[in-house]
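Here is work-v5.cif, consisting of mmCIF, C-alpha atoms:
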```cif
data_my_file
loop_
_atom_site.group_PDB
_atom_site.id
_atom_site.type_symbol
_atom_site.label_atom_id
_atom_site.label_comp_id
_atom_site.auth_asym_id
_atom_site.auth_seq_id
_atom_site.Cartn_x
_atom_site.Cartn_y
_atom_site.Cartn_z
ATOM 1 C CA MET M 1 -14.892 152.875 114.155
ATOM 2 C CA THR M 2 -14.940 154.638 110.806
ATOM 3 C CA SER M 3 -14.424 158.385 110.494
ATOM 4 C CA ASP M 4 -18.023 158.972 109.358
ATOM 5 C CA MET M 5 -19.434 157.595 112.627
ATOM 6 C CA GLN M 6 -18.379 160.014 115.342
ATOM 7 C CA PHE M 7 -20.016 160.488 118.727
ATOM 8 C CA VAL M 8 -20.501 164.060 119.949
ATOM 9 C CA ASN M 9 -21.638 165.963 123.021
ATOM 10 C CA PRO M 10 -25.001 167.389 121.917
ATOM 11 C CA SER M 11 -25.846 171.012 122.675
ATOM 12 C CA THR M 12 -29.632 170.658 122.332
ATOM 13 C CA SER M 13 -31.514 170.360 125.635
ATOM 14 C CA PHE M 14 -35.176 169.752 126.471
ATOM 15 C CA ASP M 15 -35.543 173.525 126.940
ATOM 16 C CA ASP M 16 -34.642 173.970 123.265
ATOM 17 C CA VAL M 17 -37.503 171.699 122.156
ATOM 18 C CA ALA M 18 -40.803 173.577 122.119
ATOM 19 C CA GLY M 19 -43.845 171.506 122.984
ATOM 20 C CA LEU M 20 -43.711 167.685 122.971
ATOM 21 C CA GLU M 21 -44.207 167.740 126.758
ATOM 22 C CA GLU M 22 -45.892 164.318 126.864
ATOM 23 C CA ASN M 23 -43.059 162.811 124.819
ATOM 24 C CA LYS M 24 -40.437 164.431 127.063
ATOM 25 C CA ASN M 25 -42.060 163.115 130.230
ATOM 26 C CA ALA M 26 -42.507 159.627 128.778
ATOM 27 C CA LEU M 27 -38.889 159.606 127.629
ATOM 28 C CA ARG M 28 -37.672 160.583 131.092
ATOM 29 C CA GLN M 29 -39.624 157.686 132.610
ATOM 30 C CA ILE M 30 -38.273 155.226 130.052
ATOM 31 C CA ALA M 31 -34.656 156.348 130.169
ATOM 32 C CA PHE M 32 -33.850 157.525 133.672
ATOM 33 C CA SER M 33 -33.447 155.455 136.805
ATOM 34 C CA THR M 34 -32.902 158.451 139.132
ATOM 35 C CA ARG M 35 -33.680 162.134 138.757
ATOM 36 C CA SER M 36 -34.015 164.246 141.888
ATOM 37 C CA ILE M 37 -33.385 167.810 143.037
ATOM 38 C CA GLY M 38 -30.804 166.598 145.527
ATOM 39 C CA LYS M 39 -28.882 164.706 142.853
ATOM 40 C CA PRO M 40 -27.721 166.985 140.028
ATOM 41 C CA GLU M 41 -26.437 164.209 137.786
ATOM 42 C CA VAL M 42 -28.821 161.944 135.891
ATOM 43 C CA ASP M 43 -28.338 158.210 135.528
ATOM 44 C CA LEU M 44 -29.541 156.150 132.624
ATOM 45 C CA LYS M 45 -31.212 152.892 133.482
ATOM 46 C CA SER M 46 -28.692 150.080 133.465
ATOM 47 C CA THR M 47 -30.715 148.015 131.009
ATOM 48 C CA SER M 48 -31.169 150.430 128.149
ATOM 49 C CA PRO M 49 -34.259 150.320 125.911
ATOM 50 C CA ASN M 50 -34.912 150.357 122.183
ATOM 51 C CA ILE M 51 -37.292 153.228 121.380
ATOM 52 C CA LEU M 52 -39.114 154.010 118.136
ATOM 53 C CA PHE M 53 -40.081 157.606 117.313
ATOM 54 C CA TYR M 54 -42.638 157.844 114.503
ATOM 55 C CA GLY M 55 -44.551 160.647 112.825
ATOM 56 C CA PRO M 56 -44.414 163.189 109.991
ATOM 57 C CA PRO M 57 -41.096 164.753 108.939
ATOM 58 C CA GLY M 58 -39.995 167.866 110.815
ATOM 59 C CA THR M 59 -41.868 167.102 114.060
ATOM 60 C CA GLY M 60 -38.836 167.071 116.361
ATOM 61 C CA LYS M 61 -37.801 163.408 116.400
ATOM 62 C CA SER M 62 -34.077 163.950 115.835
ATOM 63 C CA LEU M 63 -34.100 167.057 118.053
ATOM 64 C CA LEU M 64 -35.597 165.160 120.988
ATOM 65 C CA ALA M 65 -33.189 162.265 120.515
ATOM 66 C CA ALA M 66 -30.258 164.669 120.870
ATOM 67 C CA ALA M 67 -31.947 166.390 123.809
ATOM 68 C CA ILE M 68 -32.299 163.176 125.826
ATOM 69 C CA ALA M 69 -28.581 162.588 125.387
ATOM 70 C CA LYS M 70 -27.875 166.114 126.620
ATOM 71 C CA GLU M 71 -30.166 165.599 129.611
ATOM 72 C CA CYS M 72 -28.128 162.683 130.908
ATOM 73 C CA GLY M 73 -24.672 163.818 129.817
ATOM 74 C CA ALA M 74 -24.428 161.073 127.211
ATOM 75 C CA GLN M 75 -22.453 160.880 123.977
ATOM 76 C CA PHE M 76 -24.678 161.048 120.902
ATOM 77 C CA ILE M 77 -24.520 159.813 117.340
ATOM 78 C CA SER M 78 -27.071 160.222 114.550
ATOM 79 C CA ILE M 79 -26.697 158.027 111.494
ATOM 80 C CA ASP M 80 -28.805 157.325 108.432
ATOM 81 C CA SER M 81 -30.180 153.793 108.790
ATOM 82 C CA GLY M 82 -30.204 153.067 105.071
ATOM 83 C CA TYR M 83 -26.609 154.218 104.722
ATOM 84 C CA LEU M 84 -25.578 152.068 107.679
ATOM 85 C CA ILE M 85 -27.206 148.889 106.363
ATOM 86 C CA ILE M 86 -26.901 149.073 102.575
ATOM 87 C CA GLY M 87 -24.648 152.075 101.884
ATOM 88 C CA CYS M 88 -21.439 151.776 99.898
ATOM 89 C CA THR M 89 -18.474 151.030 102.146
ATOM 90 C CA ALA M 90 -15.813 150.082 99.596
ATOM 91 C CA TRP M 91 -13.684 153.047 100.642
ATOM 92 C CA SER M 92 -13.889 152.325 104.380
ATOM 93 C CA ASN M 93 -12.344 148.817 104.412
ATOM 94 C CA MET M 94 -15.336 147.636 106.460
ATOM 95 C CA SER M 95 -18.385 145.667 105.446
ATOM 96 C CA ASN M 96 -21.799 146.977 106.438
ATOM 97 C CA THR M 97 -22.057 144.155 108.962
ATOM 98 C CA ASP M 98 -18.781 145.221 110.550
ATOM 99 C CA ARG M 99 -19.959 148.833 110.600
ATOM 100 C CA VAL M 100 -23.090 147.901 112.549
ATOM 101 C CA GLU M 101 -21.047 145.873 115.022
ATOM 102 C CA ALA M 102 -18.473 148.674 115.345
ATOM 103 C CA LEU M 103 -21.196 151.255 115.992
ATOM 104 C CA PHE M 104 -22.630 149.356 118.938
ATOM 105 C CA SER M 105 -19.199 148.428 120.247
ATOM 106 C CA GLU M 106 -18.128 152.081 120.259
ATOM 107 C CA ALA M 107 -21.387 153.120 121.937
ATOM 108 C CA ALA M 108 -20.688 150.650 124.733
ATOM 109 C CA LYS M 109 -17.178 152.049 125.195
ATOM 110 C CA LYS M 110 -18.507 155.610 125.378
ATOM 111 C CA ALA M 111 -21.481 154.827 127.634
ATOM 112 C CA PRO M 112 -23.611 156.541 128.655
ATOM 113 C CA SER M 113 -24.506 157.050 125.015
ATOM 114 C CA VAL M 114 -27.451 157.402 122.654
ATOM 115 C CA ILE M 115 -27.580 155.951 119.132
ATOM 116 C CA PHE M 116 -30.112 157.607 116.826
ATOM 117 C CA LEU M 117 -30.977 155.527 113.748
ATOM 118 C CA ASP M 118 -32.688 157.950 111.392
ATOM 119 C CA GLY M 119 -35.166 156.571 108.833
ATOM 120 C CA ILE M 120 -35.391 153.017 110.149
ATOM 121 C CA ASP M 121 -38.372 152.492 107.806
ATOM 122 C CA ASN M 122 -35.987 152.820 104.851
ATOM 123 C CA ILE M 123 -34.332 149.470 105.544
ATOM 124 C CA PHE M 124 -36.023 146.162 104.876
ATOM 125 C CA PRO M 125 -35.215 142.854 103.195
ATOM 126 C CA GLN M 126 -35.599 143.279 99.433
ATOM 127 C CA SER M 127 -36.972 139.751 99.112
ATOM 128 C CA PRO M 128 -37.520 136.666 101.303
ATOM 129 C CA GLU M 129 -34.674 134.997 99.427
ATOM 130 C CA TRP M 130 -32.068 137.620 100.371
ATOM 131 C CA ILE M 131 -31.736 139.511 103.628
ATOM 132 C CA PRO M 132 -28.775 141.916 103.985
ATOM 133 C CA PRO M 133 -26.278 140.494 106.488
ATOM 134 C CA ALA M 134 -26.054 143.953 108.097
ATOM 135 C CA PHE M 135 -29.812 143.850 108.716
ATOM 136 C CA LEU M 136 -29.398 140.584 110.610
ATOM 137 C CA GLN M 137 -26.476 142.088 112.530
ATOM 138 C CA LEU M 138 -28.661 145.034 113.565
ATOM 139 C CA ILE M 139 -31.309 142.624 114.862
ATOM 140 C CA LYS M 140 -28.603 140.816 116.806
ATOM 141 C CA GLU M 141 -27.304 144.055 118.340
ATOM 142 C CA LEU M 142 -30.784 145.223 119.309
ATOM 143 C CA ASP M 143 -31.389 141.915 121.091
ATOM 144 C CA LYS M 144 -28.227 142.175 123.187
ATOM 145 C CA PRO M 145 -28.525 143.554 126.726
ATOM 146 C CA ARG M 146 -26.722 146.896 126.925
ATOM 147 C CA ASN M 147 -25.489 148.957 129.831
ATOM 148 C CA GLN M 148 -26.426 152.649 129.554
ATOM 149 C CA VAL M 149 -26.731 152.676 125.776
ATOM 150 C CA ILE M 150 -30.099 153.827 124.449
ATOM 151 C CA VAL M 151 -31.079 153.105 120.849
ATOM 152 C CA ILE M 152 -33.653 155.464 119.336
ATOM 153 C CA ALA M 153 -34.918 154.958 115.789
ATOM 154 C CA SER M 154 -37.116 157.265 113.734
ATOM 155 C CA ALA M 155 -39.696 156.486 111.079
ATOM 156 C CA THR M 156 -42.242 158.421 109.050
ATOM 157 C CA LYS M 157 -44.028 155.239 107.916
ATOM 158 C CA PRO M 158 -43.874 152.735 110.786
ATOM 159 C CA GLU M 159 -46.357 150.452 109.029
ATOM 160 C CA ILE M 160 -43.752 149.417 106.435
ATOM 161 C CA ILE M 161 -41.084 148.416 108.961
ATOM 162 C CA SER M 162 -40.303 144.718 108.838
ATOM 163 C CA TRP M 163 -42.033 142.959 111.751
ATOM 164 C CA SER M 164 -38.761 141.258 112.682
ATOM 165 C CA LEU M 165 -37.310 144.742 113.271
ATOM 166 C CA PHE M 166 -40.426 146.494 114.557
ATOM 167 C CA ARG M 167 -40.914 144.103 117.455
ATOM 168 C CA ARG M 168 -37.391 144.810 118.732
ATOM 169 C CA PHE M 169 -38.545 148.246 119.914
ATOM 170 C CA SER M 170 -40.096 147.964 123.352
ATOM 171 C CA TYR M 171 -41.404 151.533 123.275
ATOM 172 C CA LYS M 172 -43.155 153.369 120.447
ATOM 173 C CA MET M 173 -43.603 157.128 120.706
ATOM 174 C CA LYS M 174 -45.845 159.083 118.330
ATOM 175 C CA PHE M 175 -44.924 162.574 117.077
ATOM 176 C CA THR M 176 -47.569 164.860 115.599
ATOM 177 C CA LEU M 177 -47.652 168.242 113.891
ATOM 178 C CA PRO M 178 -47.598 171.076 116.453
ATOM 179 C CA ASP M 179 -50.990 172.273 117.689
ATOM 180 C CA GLU M 180 -51.868 175.945 118.189
ATOM 181 C CA ASP M 181 -50.353 176.235 121.683
ATOM 182 C CA THR M 182 -47.143 174.523 120.592
ATOM 183 C CA ARG M 183 -46.853 176.735 117.516
ATOM 184 C CA ARG M 184 -47.243 179.784 119.749
ATOM 185 C CA GLN M 185 -44.472 178.518 122.041
ATOM 186 C CA MET M 186 -42.178 177.822 119.109
ATOM 187 C CA ILE M 187 -42.760 181.167 117.407
ATOM 188 C CA SER M 188 -42.355 183.113 120.664
ATOM 189 C CA ALA M 189 -39.073 181.318 121.330
ATOM 190 C CA LEU M 190 -37.800 182.074 117.829
ATOM 191 C CA LEU M 191 -38.643 185.765 118.114
ATOM 192 C CA LYS M 192 -36.773 185.946 121.420
ATOM 193 C CA GLN M 193 -33.660 184.798 119.561
ATOM 194 C CA PHE M 194 -33.995 187.696 117.147
ATOM 195 C CA GLY M 195 -31.281 190.263 117.804
ATOM 196 C CA VAL M 196 -29.380 188.258 120.412
ATOM 197 C CA HIS M 197 -26.147 188.829 118.508
ATOM 198 C CA ALA M 198 -26.787 192.457 117.610
ATOM 199 C CA GLU M 199 -23.687 194.610 118.037
ATOM 200 C CA LYS M 200 -25.558 197.725 119.253
ATOM 201 C CA PRO M 201 -28.146 197.980 122.056
ATOM 202 C CA ASN M 202 -31.700 198.542 120.833
ATOM 203 C CA MET M 203 -30.544 197.954 117.268
ATOM 204 C CA VAL M 204 -33.115 195.224 116.751
ATOM 205 C CA GLU M 205 -36.831 195.201 117.427
ATOM 206 C CA VAL M 206 -39.977 193.352 116.411
ATOM 207 C CA GLU M 207 -42.835 195.615 115.375
ATOM 208 C CA ASP M 208 -46.003 194.730 117.324
ATOM 209 C CA ARG M 209 -44.753 191.364 118.595
ATOM 210 C CA THR M 210 -48.207 190.127 119.623
ATOM 211 C CA SER M 211 -49.706 190.752 116.172
ATOM 212 C CA VAL M 212 -46.732 189.072 114.489
ATOM 213 C CA ILE M 213 -47.090 185.991 116.711
ATOM 214 C CA ASP M 214 -50.868 185.797 116.244
ATOM 215 C CA MET M 215 -50.494 186.050 112.469
ATOM 216 C CA LEU M 216 -47.823 183.351 112.324
ATOM 217 C CA VAL M 217 -49.743 180.986 114.611
ATOM 218 C CA LYS M 218 -52.800 181.284 112.373
ATOM 219 C CA GLU M 219 -50.940 180.991 109.067
ATOM 220 C CA THR M 220 -48.777 178.012 110.066
ATOM 221 C CA GLU M 221 -51.605 175.612 110.888
ATOM 222 C CA GLY M 222 -50.559 172.184 109.609
ATOM 223 C CA PHE M 223 -46.904 173.184 109.412
ATOM 224 C CA SER M 224 -44.175 171.057 110.950
ATOM 225 C CA GLY M 225 -41.719 172.573 113.414
ATOM 226 C CA GLU M 226 -39.093 172.451 110.689
ATOM 227 C CA GLU M 227 -41.305 174.455 108.326
ATOM 228 C CA ILE M 228 -42.045 177.047 111.016
ATOM 229 C CA GLN M 229 -38.319 177.529 111.549
ATOM 230 C CA ASP M 230 -37.891 177.854 107.786
ATOM 231 C CA VAL M 231 -40.442 180.694 107.770
ATOM 232 C CA TYR M 232 -38.509 182.430 110.544
ATOM 233 C CA ILE M 233 -35.144 182.103 108.785
ATOM 234 C CA ARG M 234 -36.561 183.289 105.459
ATOM 235 C CA GLY M 235 -38.137 186.278 107.219
ATOM 236 C CA LEU M 236 -34.736 187.234 108.600
ATOM 237 C CA CYS M 237 -33.118 186.838 105.176
ATOM 238 C CA ASN M 238 -35.714 189.141 103.630
ATOM 239 C CA LEU M 239 -35.010 191.692 106.346
ATOM 240 C CA ILE M 240 -31.238 191.490 105.932
ATOM 241 C CA GLN M 241 -31.600 192.170 102.210
ATOM 242 C CA PHE M 242 -33.702 195.255 103.009
ATOM 243 C CA VAL M 243 -31.153 196.519 105.547
ATOM 244 C CA ILE M 244 -28.265 196.090 103.104
ATOM 245 C CA VAL M 245 -30.079 197.878 100.287
ATOM 246 C CA ASN M 246 -31.263 200.769 102.465
ATOM 247 C CA GLN M 247 -28.163 200.940 104.695
ATOM 248 C CA SER M 248 -30.432 201.109 107.719
ATOM 249 C CA GLU M 249 -28.974 201.312 111.234
ATOM 250 C CA LYS M 250 -32.190 200.251 112.913
ATOM 251 C CA ILE M 251 -33.470 196.741 112.198
ATOM 252 C CA THR M 252 -37.225 196.294 112.587
ATOM 253 C CA LEU M 253 -38.865 192.961 111.864
ATOM 254 C CA LYS M 254 -42.409 193.461 110.601
ATOM 255 C CA SER M 255 -45.308 191.204 109.729
ATOM 256 C CA TYR M 256 -44.570 191.857 106.066
ATOM 257 C CA ASN M 257 -41.208 190.083 106.305
ATOM 258 C CA PHE M 258 -42.941 186.950 107.508
ATOM 259 C CA GLU M 259 -45.798 187.238 105.034
ATOM 260 C CA VAL M 260 -43.304 187.009 102.169
ATOM 261 C CA ALA M 261 -41.557 184.097 103.898
ATOM 262 C CA LEU M 262 -44.892 182.319 104.406
ATOM 263 C CA LYS M 263 -45.686 182.556 100.693
ATOM 264 C CA GLU M 264 -42.291 181.039 99.856
ATOM 265 C CA VAL M 265 -42.689 178.115 102.256
ATOM 266 C CA LYS M 266 -46.282 177.484 101.172
ATOM 267 C CA GLN M 267 -45.109 177.272 97.567
ATOM 268 C CA ILE M 268 -42.481 174.720 98.584
ATOM 269 C CA ARG M 269 -45.119 172.721 100.473
ATOM 270 C CA LYS M 270 -47.386 172.790 97.414
ATOM 271 C CA ARG M 271 -44.598 171.517 95.143
ATOM 272 C CA ASN M 272 -43.641 168.775 97.607
ATOM 273 C CA ASN M 273 -47.255 167.632 97.967
ATOM 274 C CA ALA M 274 -47.521 167.512 94.187
ATOM 275 C CA GLY M 275 -44.414 165.325 94.071
ATOM 276 C CA LEU M 276 -42.417 167.834 92.047
#
```

Same coordinates, now as structure tokens:
Amino acid sequence: MTSDMQFVNPSTSFDDVAGLEENKNALRQIAFSTRSIGKPEVDLKSTSPNILFYGPPGTGKSLLAAAIAKECGAQFISIDSGYLIIGCTAWSNMSNTDRVEALFSEAAKKAPSVIFLDGIDNIFPQSPEWIPPAFLQLIKELDKPRNQVIVIASATKPEIISWSLFRRFSYKMKFTLPDEDTRRQMISALLKQFGVHAEKPNMVEVEDRTSVIDMLVKETEGFSGEEIQDVYIRGLCNLIQFVIVNQSEKITLKSYNFEVALKEVKQIRKRNNAGL
């Protein structure tokens, strides 16, 4: 196993993933063989599935993949699919084919485990005349029966995935941009985090929390979860700059801080949509 492919114990749980309740429930049914109040531990099904997550960027695919590993006490690894299959490996003394084989071998040793192949739609045979050997090795590994090793792949454009690869995924799970209720859950959860690490009691407050939440829910329609979090972080940064300049002892987060952050993120969205 190369040093760039390390399994970890994920810290993200289902409780950390706002919304996506249907996906969470479906994933539990697919992955778990037993889950009861009388049995605190969770067992993965002995014959582990291949699952495809697909949808727009920033909709929680990688977060939920880590969360399912946390739910069942499994080791977790996230790796860029394109890097795994066609990335440069001259410095690692391993071919891409060997890297694919080593990844699955290590996952079996560390079972229960979850492999997350990010951007599976970025790998495909360049031409009918030449198919990367590592691509064929991945197909081979996905076809093998595995004991308590789940493979989850993500894609933003599932329609371009090679059929020979696409059909290896027994389950396909769609991810969508958060609706109004989900955005409200996400924003409320983020605001609860505000001030958790404050050194002094009552040092941090949110001015008119309900109005702030209502404004953000309205203004973030069409935003991904990742973009909503970006608005939150930028709002905090704007506030920190104000506190430093004014040497304030009381930190109050106002709608204005988020309004500035919203303008910044909307400008980024506009540039990205324009392909700049």

Using Å and a single decimal, report how far CA of Leu253 in chain M sits from CA of Ile213 in chain M. 11.8 Å

Can you translate the PyMOL selection byres ((chain M and resi 222) around 12) into the concrete residues it hits in this file, as JSON, numbers by chain? {"M": [56, 58, 59, 176, 177, 178, 179, 180, 182, 183, 216, 217, 218, 219, 220, 221, 223, 224, 225, 226, 227, 228, 266, 269]}

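Compared by their closest atoms to Lys263 in chain M, and using all atoms listed in the file, the residues M:Ala155, M:Leu236, M:Val231, M:Leu142 rank with M:Val231 nearest.
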
Do you know which residues are at most 9 Å from Asp98 in chain M counting all atoms listed in the file, after dropping those on the same chain fewer than 5 positions away, and could you put them as an NGL selection string? :M and (103 or 134 or 137)

Deliver the residues from the most recent selection as a file, using C-alpha atoms, as a PDB file, in the coordinates of the input.
```
ATOM      1  CA  LEU M 103     -21.196 151.255 115.992  1.00  0.00           C
ATOM      2  CA  ALA M 134     -26.054 143.953 108.097  1.00  0.00           C
ATOM      3  CA  GLN M 137     -26.476 142.088 112.530  1.00  0.00           C
TER       4      GLN M 137
END
```

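What separates CA of Arg146 in chain M from CA of Met94 in chain M is a distance of 23.4 Å.
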
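Closest to Leu84 in chain M among M:Ile152, M:Ile120, M:Leu165, M:Cys237 is M:Ile120, based on only C-alpha atoms.
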
Work out how far CA of Ser105 in chain M is from CA of Phe76 in chain M, in Å to one decimal. 13.8 Å

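The residue that comes closest to Asp181 in chain M, out of M:Ile115, M:Leu20, M:Arg167, M:Lys109 and on the basis of all atoms listed in the file, is M:Leu20.
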
Could you work out an axis-aligned box for range 251-265 of chain M, taking every atom the file lists and adding 4 Å on each side, and report centre and edge lengths in Å to one decimal, as AutoDock Vina command-line options?
```
--center_x -39.6 --center_y 187.4 --center_z 106.2 --size_x 20.3 --size_y 26.6 --size_z 20.7
```

Env of Lys172 in chain M: 8 Å cut, atoms = only C-alpha atoms, seq-sep filter 6 positions within chain, self excluded. Answer as a list in words. Ile51, Leu52, Phe53 and Tyr54 of chain M

Which residues match the PyMOL selection byres ((chain M and resi 27) around 10) in the file above, as a PyMOL selection string? chain M and resi 21-26+28-32+51+64-65+68+171+173

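Once Ser211 in chain M and its same-chain neighbours fewer than 3 positions away are set aside, Arg184, Ile187, Ser188, Val206, Glu207, Asp208, Asp214, Met215, Leu216, Val217, Lys218, Leu253, Lys254, Ser255, Tyr256 and Phe258 of chain M remain within 12 Å of it when counting only C-alpha atoms.
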
Residue neighbourhood Ser78 in chain M, 12 Å, all atoms listed in the file, exclusion window fewer than 3 positions, as a PDB file with C-alpha atoms, keeping the file's coordinate frame:
```pdb
ATOM      1  CA  ASP M   4     -18.023 158.972 109.358  1.00  0.00           C
ATOM      2  CA  MET M   5     -19.434 157.595 112.627  1.00  0.00           C
ATOM      3  CA  GLN M   6     -18.379 160.014 115.342  1.00  0.00           C
ATOM      4  CA  PHE M   7     -20.016 160.488 118.727  1.00  0.00           C
ATOM      5  CA  VAL M   8     -20.501 164.060 119.949  1.00  0.00           C
ATOM      6  CA  ASN M   9     -21.638 165.963 123.021  1.00  0.00           C
ATOM      7  CA  PRO M  10     -25.001 167.389 121.917  1.00  0.00           C
ATOM      8  CA  LYS M  61     -37.801 163.408 116.400  1.00  0.00           C
ATOM      9  CA  SER M  62     -34.077 163.950 115.835  1.00  0.00           C
ATOM     10  CA  LEU M  63     -34.100 167.057 118.053  1.00  0.00           C
ATOM     11  CA  LEU M  64     -35.597 165.160 120.988  1.00  0.00           C
ATOM     12  CA  ALA M  65     -33.189 162.265 120.515  1.00  0.00           C
ATOM     13  CA  ALA M  66     -30.258 164.669 120.870  1.00  0.00           C
ATOM     14  CA  ALA M  69     -28.581 162.588 125.387  1.00  0.00           C
ATOM     15  CA  GLN M  75     -22.453 160.880 123.977  1.00  0.00           C
ATOM     16  CA  SER M  81     -30.180 153.793 108.790  1.00  0.00           C
ATOM     17  CA  TYR M  83     -26.609 154.218 104.722  1.00  0.00           C
ATOM     18  CA  LEU M  84     -25.578 152.068 107.679  1.00  0.00           C
ATOM     19  CA  LEU M 103     -21.196 151.255 115.992  1.00  0.00           C
ATOM     20  CA  ALA M 107     -21.387 153.120 121.937  1.00  0.00           C
ATOM     21  CA  SER M 113     -24.506 157.050 125.015  1.00  0.00           C
ATOM     22  CA  VAL M 114     -27.451 157.402 122.654  1.00  0.00           C
ATOM     23  CA  ILE M 115     -27.580 155.951 119.132  1.00  0.00           C
ATOM     24  CA  PHE M 116     -30.112 157.607 116.826  1.00  0.00           C
ATOM     25  CA  LEU M 117     -30.977 155.527 113.748  1.00  0.00           C
ATOM     26  CA  ASP M 118     -32.688 157.950 111.392  1.00  0.00           C
ATOM     27  CA  GLY M 119     -35.166 156.571 108.833  1.00  0.00           C
ATOM     28  CA  ILE M 120     -35.391 153.017 110.149  1.00  0.00           C
ATOM     29  CA  VAL M 151     -31.079 153.105 120.849  1.00  0.00           C
ATOM     30  CA  ILE M 152     -33.653 155.464 119.336  1.00  0.00           C
ATOM     31  CA  ALA M 153     -34.918 154.958 115.789  1.00  0.00           C
ATOM     32  CA  SER M 154     -37.116 157.265 113.734  1.00  0.00           C
TER      33      SER M 154
END
```
